[in-house]
Every structure is written in structure tokens, then in C-alpha cells.
$ cat structure-v4.cif   # mmCIF, C-alpha atoms
data_input
loop_
_atom_site.label_atom_id
_atom_site.label_comp_id
_atom_site.auth_asym_id
_atom_site.auth_seq_id
_atom_site.Cartn_x
_atom_site.Cartn_y
_atom_site.Cartn_z
CA MET A 13 154.14 41.37 96.90
CA LYS A 14 157.09 43.68 97.59
CA ILE A 15 156.27 47.38 97.36
CA SER A 16 158.82 49.55 95.59
CA GLY A 17 160.54 52.50 97.24
CA SER A 18 159.14 54.83 94.59
CA SER A 19 155.58 53.74 95.40
CA LYS A 20 156.15 54.45 99.06
CA PHE A 21 157.71 57.82 98.22
CA ILE A 22 154.74 58.87 96.08
CA ALA A 23 152.26 57.60 98.68
CA GLU A 24 153.91 59.71 101.40
CA ILE A 25 153.84 62.78 99.15
CA ILE A 26 150.14 62.34 98.43
CA GLY A 27 149.23 61.52 102.03
CA THR A 28 151.04 64.52 103.48
CA MET A 29 149.62 66.80 100.79
CA VAL A 30 146.10 65.71 101.72
CA LEU A 31 146.76 66.20 105.44
CA VAL A 32 147.98 69.78 104.96
CA LEU A 33 145.38 70.70 102.34
CA MET A 34 142.40 69.32 104.24
CA GLY A 35 143.59 69.84 107.81
CA CYS A 36 144.89 73.38 107.39
CA GLY A 37 142.09 73.97 104.91
CA GLY A 38 139.65 73.20 107.69
CA ALA A 39 141.09 76.17 109.56
CA VAL A 40 141.62 78.56 106.65
CA ILE A 41 138.51 77.91 104.55
CA ALA A 42 135.93 76.19 106.74
CA GLY A 43 136.96 77.21 110.25
CA ALA A 44 136.01 80.89 110.05
CA ASP A 45 136.38 82.58 113.44
CA GLY A 46 135.26 79.81 115.76
CA THR A 47 131.70 81.10 115.98
CA THR A 48 130.82 80.59 112.33
CA GLY A 49 131.94 77.76 110.11
CA VAL A 50 133.12 74.48 111.59
CA GLY A 51 134.95 76.03 114.56
CA LEU A 52 137.61 74.41 116.74
CA LEU A 53 135.94 71.01 116.88
CA GLY A 54 135.47 70.90 113.12
CA ILE A 55 139.10 71.84 112.50
CA SER A 56 140.18 69.10 114.91
CA PHE A 57 138.15 66.55 112.98
CA ALA A 58 139.51 67.83 109.66
CA PHE A 59 143.03 66.85 110.75
CA GLY A 60 141.96 63.57 112.32
CA LEU A 61 139.76 62.49 109.43
CA SER A 62 142.54 63.31 106.97
CA VAL A 63 144.74 60.81 108.79
CA VAL A 64 141.97 58.19 108.90
CA ALA A 65 141.27 58.58 105.18
CA MET A 66 144.91 58.37 104.19
CA ALA A 67 145.59 55.47 106.54
CA TYR A 68 143.12 53.35 104.62
CA ALA A 69 144.18 54.77 101.24
CA ILE A 70 147.95 54.40 101.48
CA GLY A 71 148.59 52.57 104.74
CA HIS A 72 149.18 49.28 102.90
CA ILE A 73 151.72 51.02 100.65
CA SER A 74 153.88 53.14 102.96
CA GLY A 75 152.37 52.70 106.40
CA CYS A 76 150.96 56.22 106.07
CA HIS A 77 153.51 58.02 108.22
CA ILE A 78 152.89 61.44 106.57
CA ASN A 79 154.87 62.93 109.46
CA PRO A 80 158.67 63.08 109.95
CA ALA A 81 158.26 62.58 113.70
CA ILE A 82 156.59 59.21 113.05
CA SER A 83 159.32 58.07 110.66
CA ILE A 84 162.03 59.05 113.16
CA ALA A 85 160.20 57.26 115.97
CA MET A 86 159.94 54.12 113.83
CA VAL A 87 163.71 54.12 113.39
CA ILE A 88 164.26 54.50 117.15
CA ALA A 89 161.68 51.77 117.82
CA GLY A 90 163.50 49.44 115.44
CA ARG A 91 160.73 49.18 112.89
CA MET A 92 162.38 51.06 110.03
CA LYS A 93 165.80 51.62 108.49
CA ALA A 94 167.25 55.13 108.79
CA SER A 95 167.88 55.30 105.04
CA GLU A 96 164.23 54.58 104.29
CA ALA A 97 163.12 57.12 106.90
CA ALA A 98 165.23 59.80 105.20
CA ALA A 99 163.39 59.17 101.92
CA TYR A 100 160.05 59.28 103.74
CA ILE A 101 160.89 62.61 105.36
CA ALA A 102 161.88 64.13 102.02
CA ALA A 103 158.57 62.96 100.54
CA GLN A 104 156.61 64.32 103.50
CA ILE A 105 158.15 67.78 103.18
CA ILE A 106 157.46 67.82 99.44
CA GLY A 107 153.86 66.77 100.10
CA ALA A 108 153.43 69.46 102.76
CA LEU A 109 154.70 72.12 100.38
CA LEU A 110 152.32 70.91 97.68
CA GLY A 111 149.40 70.90 100.12
CA ALA A 112 150.19 74.40 101.39
CA GLY A 113 150.65 75.66 97.84
CA LEU A 114 147.30 74.26 96.73
CA LEU A 115 145.61 75.69 99.81
CA TYR A 116 147.07 79.11 99.10
CA LEU A 117 145.97 78.92 95.46
CA ILE A 118 142.41 78.09 96.50
CA ALA A 119 142.11 80.38 99.54
CA SER A 120 143.60 83.43 97.83
CA GLY A 121 140.73 83.37 95.33
CA LYS A 122 138.50 84.96 97.97
CA ALA A 123 138.55 88.76 98.10
CA GLU A 124 138.59 88.81 101.93
CA TYR A 125 141.44 86.31 102.24
CA ALA A 126 143.59 87.38 105.20
CA GLY A 127 146.72 85.54 104.12
CA GLY A 128 146.91 82.73 106.69
CA LEU A 129 147.53 79.05 105.92
CA GLY A 130 146.90 77.51 109.32
CA GLN A 131 150.50 78.14 110.36
CA ASN A 132 151.65 77.32 113.88
CA GLY A 133 152.93 79.90 116.35
CA TYR A 134 153.69 80.85 119.93
CA GLY A 135 153.70 84.13 121.85
CA ASP A 136 151.96 86.85 119.90
CA PHE A 137 151.36 84.34 117.10
CA SER A 138 149.69 81.71 119.28
CA PRO A 139 145.91 81.54 118.76
CA GLN A 140 145.44 82.47 122.43
CA LYS A 141 148.87 84.04 123.09
CA TYR A 142 150.51 81.11 124.89
CA ASN A 143 154.24 81.65 125.39
CA LEU A 144 157.24 79.72 124.09
CA THR A 145 157.47 77.43 127.12
CA SER A 146 153.80 76.45 126.94
CA GLY A 147 154.09 75.85 123.21
CA PHE A 148 157.22 73.72 123.50
CA VAL A 149 155.93 71.58 126.36
CA ALA A 150 152.57 71.07 124.64
CA GLU A 151 154.15 70.00 121.36
CA VAL A 152 156.52 67.55 123.06
CA ILE A 153 153.83 65.96 125.24
CA PHE A 154 151.14 65.87 122.57
CA THR A 155 153.54 64.23 120.11
CA PHE A 156 154.60 61.77 122.81
CA ILE A 157 150.95 60.78 123.34
CA PHE A 158 150.30 60.61 119.59
CA LEU A 159 153.29 58.31 119.02
CA LEU A 160 152.35 56.01 121.88
CA VAL A 161 148.96 55.53 120.22
CA ILE A 162 150.65 54.87 116.88
CA LEU A 163 153.20 52.42 118.29
CA GLY A 164 150.50 50.56 120.18
CA SER A 165 147.96 50.54 117.37
CA THR A 166 150.47 49.22 114.83
CA SER A 167 152.14 46.69 117.11
CA SER A 168 152.23 43.13 115.78
CA LYS A 169 150.84 42.09 119.17
CA ASN A 170 147.71 44.23 118.76
CA ILE A 171 144.86 41.95 117.71
CA ASN A 172 142.81 44.99 116.66
CA GLY A 173 145.39 46.22 114.15
CA GLY A 174 142.76 46.65 111.46
CA PHE A 175 141.40 49.62 113.38
CA ALA A 176 144.79 51.35 113.69
CA GLY A 177 143.86 54.12 111.25
CA LEU A 178 140.76 54.95 113.24
CA SER A 179 142.45 55.02 116.63
CA ILE A 180 145.34 57.12 115.31
CA GLY A 181 143.03 59.60 113.58
CA LEU A 182 140.81 59.98 116.64
CA SER A 183 143.82 60.54 118.87
CA LEU A 184 144.84 63.38 116.56
CA VAL A 185 141.35 64.85 116.90
CA LEU A 186 141.70 64.74 120.69
CA ILE A 187 145.10 66.42 120.57
CA HIS A 188 143.77 69.21 118.36
CA ILE A 189 140.76 69.85 120.59
CA VAL A 190 143.11 70.63 123.47
CA GLY A 191 146.07 72.03 121.56
CA ILE A 192 144.68 74.39 118.91
CA PRO A 193 144.43 77.36 121.32
CA ILE A 194 148.08 76.87 122.33
CA THR A 195 149.99 76.60 119.06
CA GLY A 196 147.44 75.64 116.43
CA VAL A 197 148.92 72.13 116.92
CA SER A 198 151.75 70.72 114.90
CA VAL A 199 152.95 67.34 116.25
CA ASN A 200 154.25 67.06 112.67
CA PRO A 201 157.25 69.03 111.36
CA ALA A 202 156.15 68.70 107.71
CA ARG A 203 152.67 70.06 108.50
CA SER A 204 154.34 73.16 109.98
CA ILE A 205 157.05 73.60 107.35
CA GLY A 206 154.61 73.71 104.41
CA PRO A 207 152.53 76.71 105.55
CA ALA A 208 155.55 78.48 107.09
CA VAL A 209 157.44 78.49 103.80
CA PHE A 210 154.53 80.18 102.00
CA ILE A 211 153.70 82.61 104.81
CA GLY A 212 157.32 83.49 105.66
CA GLY A 213 158.04 86.14 108.28
CA ASN A 214 157.24 85.15 111.85
CA ALA A 215 155.80 81.79 110.83
CA LEU A 216 159.14 80.83 109.30
CA GLN A 217 161.11 82.27 112.23
CA GLN A 218 159.11 80.21 114.71
CA VAL A 219 158.95 76.97 112.72
CA TRP A 220 162.06 75.63 114.52
CA LEU A 221 159.91 74.86 117.58
CA PHE A 222 157.51 72.80 115.47
CA ILE A 223 160.42 70.79 114.14
CA VAL A 224 162.38 70.29 117.36
CA ALA A 225 159.53 69.67 119.84
CA PRO A 226 157.63 67.01 117.82
CA ILE A 227 160.86 65.15 117.08
CA ALA A 228 161.79 65.24 120.78
CA GLY A 229 158.35 63.93 121.73
CA ALA A 230 158.54 61.18 119.12
CA ILE A 231 161.99 60.03 120.25
CA LEU A 232 160.83 60.01 123.88
CA ALA A 233 157.78 57.91 122.96
CA ALA A 234 159.89 55.39 121.04
CA LEU A 235 162.36 55.07 123.92
CA VAL A 236 159.59 54.61 126.48
CA TRP A 237 157.88 52.07 124.23
CA ASN A 238 161.08 50.07 123.68
CA THR A 239 162.33 50.09 127.25
CA LEU A 240 159.18 50.06 129.35
CA ILE A 241 156.30 48.74 127.28
CA GLU A 242 157.25 46.47 124.41
CA LYS A 243 160.86 45.52 123.69
CA ARG A 244 161.67 44.94 120.05
CA GLU A 245 164.57 43.64 118.05
CA LYS A 246 166.25 46.50 116.21
CA ILE A 247 166.44 46.68 112.42
CA THR A 248 170.05 47.02 111.25
CA ASN A 249 170.57 50.36 109.44
#
$ encode --input "structure-v4.cif" --output "C-alpha cells"
Amino acid sequence: MKISGSSKFIAEIIGTMVLVLMGCGGAVIAGADGTTGVGLLGISFAFGLSVVAMAYAIGHISGCHINPAISIAMVIAGRMKASEAAAYIAAQIIGALLGAGLLYLIASGKAEYAGGLGQNGYGDFSPQKYNLTSGFVAEVIFTFIFLLVILGSTSSKNINGGFAGLSIGLSLVLIHIVGIPITGVSVNPARSIGPAVFIGGNALQQVWLFIVAPIAGAILAALVWNTLIEKREKITN
């Protein structure tokens, strides 16, 4: 049965909303200060489990990209038309804004709420004060790794494709375990845009890095995959 474009659009909105609400919510509501609450490992699993849950909820509808970097990589890899990717990206940004808005509405109900939404940052706004260079390199390489897992897990040649959601979600957990101290981890422009719009200020000024670096990492992964690992016939745009 053919799935309509509107169904895919709505699925991507919902999926990205859940990722931002539950992933960033893991940091803002449940994460506390790293010594109480779920801590770094719990926050990492909040992001990864959000992807696993949505992969099995909407993966059969839209493929569960819920990340502009993934949609762009799929175009480069020849698995998606550019016009469809543009609609996906619009849906993902809308979903991220909804997720961040809901998180703010919930979190701000606590008297001691400090005003954060799990936004990404570098320099003085990095969790452990990593500079711009460290943040940029980390986001490019982590996204590159993440996309290689996605491209491999969803390949038509992968006989274990039914476990794609699990492998992708667990790879995101791994990336967060290492990357949270550096930038808070983006590897997803929509995930960064949503909180930055609500927080404003420095979060919004620095969001460019969390758009540019993940996209660069995703493009690099798609090119490496196409030229060195698994050549594919391109979809005509």
C-alpha cells in the first residue's frame, strides 16, 4: 500500500517532537546535575530509546528520519528525492519546535526551573567548556559515525534489517555517552533548533554549528558509503 506524503509529514513531526521532548527532557527534568537523577548515562539512553521507540512506531510510515542530516544523507546516497527530503526537513523542524515548546511548558511549572531546554553549546556554553574547534570536529565525526550505522542498518543487503531501529538507537546512546560533555550532542539540526529558538541568546547565536557540522558529517558519510562501501543507483530528483 502506498503511503501518502501527508502521512509521512505528520509521522516526521510526531517522531521529532518525541525525540526532543523525551531526549532533552531527560536532561532538563530527569538528568539533574549528574550526581542525582538519571545522570549522563540516563540522558544518553533517553535520546537513544526515543529513536528506538519511534523507529518501530513510524519507521514503516516515513522511515523515521526525525533528523534533517539523515534526510540529506539519504538524498546524497540516492535513496530519496530532494523534494521529499525538503518536506521531511520542514516537518522535523516543526516537530522539534513542538517538542521544545512542550518541554518548556512542563519544565517551567517547577519553581526552581533554571530556564534550560537541553540546548547545545560550545566554549563557555559547552557542558565542560570545550572550544569551537572541539565542538565542530566532534559533531562532524559523531554524525558521520551515526549515518554510517543508519546506512548500513537500513541497507537492502542487510539481512538483519528488522533490528535497524535497535542498532541505530544504541549507536545514538554511544555517541551521547562520549559527546554530552563536549556540546551536549546534536548530530541533528532540528534537535538543536527547537531548544535554541525558545532559549534565544547564546543558544541561538551558536546554533549554526549544530546545523552545519551535522550536515557536513552526514554528507561525508553518504559519500563514503556510496564510493567506498556500497555503490547504489541514484534516484532521479
$ closest_residue --input "structure-v4.cif" --among "A:Ile227, A:Ala65, A:Leu109, A:Ala234" --to "Ala89 (chain A)" --atoms "all atoms listed in the file"
A:Ala234
$ resolve_selection --input "structure-v4.cif" --expression "the PyMOL selection byres ((chain A and resi 25) around 7)" --output "list of chain:residue names"
A:Phe21, A:Ile22, A:Ala23, A:Glu24, A:Ile26, A:Gly27, A:Thr28, A:Met29, A:Ala103, A:Gln104, A:Ile106, A:Gly107
$ residues_around --input "structure-v4.cif" --residues "Leu184 (chain A)" --least-positions-apart "6" --cutoff "12 Å" --atoms "all atoms listed in the file" --output "PyMOL selection string"
chain A and resi 31+35+53+55-64+154-162+177-178+190-192+197-200
$ atom_distance --input "structure-v4.cif" --atom1 "CA of Pro139 (chain A)" --atom2 "CA of Ile194 (chain A)"
6.3 Å
$ atom_distance --input "structure-v4.cif" --atom1 "CA of Asn238 (chain A)" --atom2 "CA of Arg91 (chain A)"
10.8 Å
$ atom_distance --input "structure-v4.cif" --atom1 "CA of Ala119 (chain A)" --atom2 "CA of Met34 (chain A)"
12.0 Å
$ closest_residue --input "structure-v4.cif" --among "A:Gly37, A:Pro207, A:Pro201, A:Gly17" --to "Glu151 (chain A)" --atoms "all atoms listed in the file"
A:Pro201
$ resolve_selection --input "structure-v4.cif" --expression "the PyMOL selection byres ((chain A and resi 235) around 12)" --output "MDAnalysis selection string"
chainID A and resid 84:90 156 159:160 163 228:234 236:244
$ closest_residue --input "structure-v4.cif" --among "A:Val149, A:Ser83, A:Gly133, A:Ser179" --to "Trp220 (chain A)" --atoms "only C-alpha atoms"
A:Gly133
$ residues_around --input "structure-v4.cif" --residues "Gly147 (chain A)" --least-positions-apart "2" --cutoff "10 Å" --atoms "only C-alpha atoms" --output "list in words"
Asn132, Gly133, Tyr134, Gly135, Ser138, Lys141, Tyr142, Asn143, Leu144, Thr145, Val149, Ala150, Glu151, Val152, Gly191, Pro193, Ile194, Thr195, Gly196, Val197, Leu221, Phe222 and Ala225 of chain A
$ closest_residue --input "structure-v4.cif" --among "A:Val30, A:Leu110, A:Val209, A:Ile105" --to "Ala67 (chain A)" --atoms "only C-alpha atoms"
A:Val30
$ closest_residue --input "structure-v4.cif" --among "A:Ala176, A:Lys20, A:Val219, A:Gly121" --to "Ala99 (chain A)" --atoms "all atoms listed in the file"
A:Lys20
$ closest_residue --input "structure-v4.cif" --among "A:Ala112, A:Leu117, A:Leu52, A:Ile205" --to "Val185 (chain A)" --atoms "all atoms listed in the file"
A:Leu52
$ decode --input "structure-v4.cif" --residues "region 75-88 of chain A" --atoms "all heavy atoms" --output "mmCIF file, in the first residue's frame"
data_model
loop_
_atom_site.group_PDB
_atom_site.id
_atom_site.type_symbol
_atom_site.label_atom_id
_atom_site.label_comp_id
_atom_site.auth_asym_id
_atom_site.auth_seq_id
_atom_site.Cartn_x
_atom_site.Cartn_y
_atom_site.Cartn_z
ATOM 1 N N GLY A 75 10.041 6.066 7.505
ATOM 2 C CA GLY A 75 11.437 5.676 7.646
ATOM 3 C C GLY A 75 12.060 6.203 8.916
ATOM 4 O O GLY A 75 13.192 5.880 9.242
ATOM 5 N N CYS A 76 11.297 7.036 9.640
ATOM 6 C CA CYS A 76 11.732 7.605 10.918
ATOM 7 C C CYS A 76 13.091 8.290 10.797
ATOM 8 O O CYS A 76 14.042 7.942 11.482
ATOM 9 C CB CYS A 76 11.778 6.536 12.012
ATOM 10 S SG CYS A 76 12.054 7.217 13.685
ATOM 11 N N HIS A 77 13.152 9.297 9.933
ATOM 12 C CA HIS A 77 14.387 10.087 9.843
ATOM 13 C C HIS A 77 14.529 10.973 11.085
ATOM 14 O O HIS A 77 15.574 10.992 11.715
ATOM 15 C CB HIS A 77 14.367 10.963 8.598
ATOM 16 C CG HIS A 77 14.478 10.201 7.321
ATOM 17 N ND1 HIS A 77 14.720 10.813 6.114
ATOM 18 C CD2 HIS A 77 14.388 8.866 7.046
ATOM 19 C CE1 HIS A 77 14.773 9.903 5.160
ATOM 20 N NE2 HIS A 77 14.563 8.716 5.704
ATOM 21 N N ILE A 78 13.509 11.740 11.378
ATOM 22 C CA ILE A 78 13.423 12.686 12.509
ATOM 23 C C ILE A 78 14.723 13.471 12.711
ATOM 24 O O ILE A 78 15.076 13.823 13.838
ATOM 25 C CB ILE A 78 12.944 12.006 13.816
ATOM 26 C CG1 ILE A 78 13.854 10.905 14.303
ATOM 27 C CG2 ILE A 78 11.538 11.451 13.608
ATOM 28 C CD1 ILE A 78 13.410 10.276 15.651
ATOM 29 N N ASN A 79 15.400 13.770 11.608
ATOM 30 C CA ASN A 79 16.700 14.429 11.652
ATOM 31 C C ASN A 79 17.044 14.921 10.245
ATOM 32 O O ASN A 79 17.203 14.089 9.333
ATOM 33 C CB ASN A 79 17.745 13.417 12.146
ATOM 34 C CG ASN A 79 19.143 13.988 12.250
ATOM 35 O OD1 ASN A 79 19.477 15.007 11.668
ATOM 36 N ND2 ASN A 79 19.995 13.297 12.991
ATOM 37 N N PRO A 80 17.164 16.229 10.038
ATOM 38 C CA PRO A 80 17.494 16.734 8.701
ATOM 39 C C PRO A 80 18.779 16.158 8.125
ATOM 40 O O PRO A 80 18.886 15.970 6.906
ATOM 41 C CB PRO A 80 17.624 18.248 8.927
ATOM 42 C CG PRO A 80 16.740 18.522 10.100
ATOM 43 C CD PRO A 80 16.905 17.323 10.992
ATOM 44 N N ALA A 81 19.757 15.879 8.968
ATOM 45 C CA ALA A 81 21.018 15.322 8.482
ATOM 46 C C ALA A 81 20.795 13.962 7.824
ATOM 47 O O ALA A 81 21.432 13.629 6.813
ATOM 48 C CB ALA A 81 22.021 15.195 9.630
ATOM 49 N N ILE A 82 19.887 13.176 8.388
ATOM 50 C CA ILE A 82 19.582 11.861 7.807
ATOM 51 C C ILE A 82 18.899 12.027 6.452
ATOM 52 O O ILE A 82 19.253 11.351 5.480
ATOM 53 C CB ILE A 82 18.699 11.043 8.761
ATOM 54 C CG1 ILE A 82 19.466 10.713 10.041
ATOM 55 C CG2 ILE A 82 18.212 9.759 8.077
ATOM 56 C CD1 ILE A 82 18.636 10.011 11.111
ATOM 57 N N SER A 83 17.935 12.919 6.378
ATOM 58 C CA SER A 83 17.218 13.126 5.110
ATOM 59 C C SER A 83 18.168 13.601 4.021
ATOM 60 O O SER A 83 18.093 13.153 2.868
ATOM 61 C CB SER A 83 16.085 14.138 5.312
ATOM 62 O OG SER A 83 15.143 13.655 6.250
ATOM 63 N N ILE A 84 19.079 14.505 4.366
ATOM 64 C CA ILE A 84 20.059 14.994 3.391
ATOM 65 C C ILE A 84 20.989 13.867 2.958
ATOM 66 O O ILE A 84 21.299 13.709 1.770
ATOM 67 C CB ILE A 84 20.850 16.177 3.984
ATOM 68 C CG1 ILE A 84 19.929 17.397 4.117
ATOM 69 C CG2 ILE A 84 22.069 16.521 3.114
ATOM 70 C CD1 ILE A 84 20.519 18.536 4.912
ATOM 71 N N ALA A 85 21.433 13.054 3.909
ATOM 72 C CA ALA A 85 22.304 11.928 3.577
ATOM 73 C C ALA A 85 21.593 10.938 2.657
ATOM 74 O O ALA A 85 22.220 10.369 1.742
ATOM 75 C CB ALA A 85 22.761 11.228 4.850
ATOM 76 N N MET A 86 20.298 10.729 2.863
ATOM 77 C CA MET A 86 19.555 9.802 2.023
ATOM 78 C C MET A 86 19.450 10.297 0.581
ATOM 79 O O MET A 86 19.427 9.505 -0.363
ATOM 80 C CB MET A 86 18.154 9.564 2.604
ATOM 81 C CG MET A 86 18.157 8.765 3.902
ATOM 82 S SD MET A 86 18.919 7.140 3.690
ATOM 83 C CE MET A 86 19.075 6.596 5.387
ATOM 84 N N VAL A 87 19.401 11.606 0.411
ATOM 85 C CA VAL A 87 19.416 12.174 -0.943
ATOM 86 C C VAL A 87 20.773 11.923 -1.591
ATOM 87 O O VAL A 87 20.859 11.464 -2.742
ATOM 88 C CB VAL A 87 19.112 13.693 -0.917
ATOM 89 C CG1 VAL A 87 19.285 14.296 -2.312
ATOM 90 C CG2 VAL A 87 17.695 13.939 -0.418
ATOM 91 N N ILE A 88 21.852 12.216 -0.867
ATOM 92 C CA ILE A 88 23.197 12.016 -1.392
ATOM 93 C C ILE A 88 23.446 10.540 -1.703
ATOM 94 O O ILE A 88 24.089 10.195 -2.696
ATOM 95 C CB ILE A 88 24.261 12.511 -0.382
ATOM 96 C CG1 ILE A 88 24.047 13.992 -0.048
ATOM 97 C CG2 ILE A 88 25.666 12.281 -0.917
ATOM 98 C CD1 ILE A 88 24.168 14.933 -1.205
#
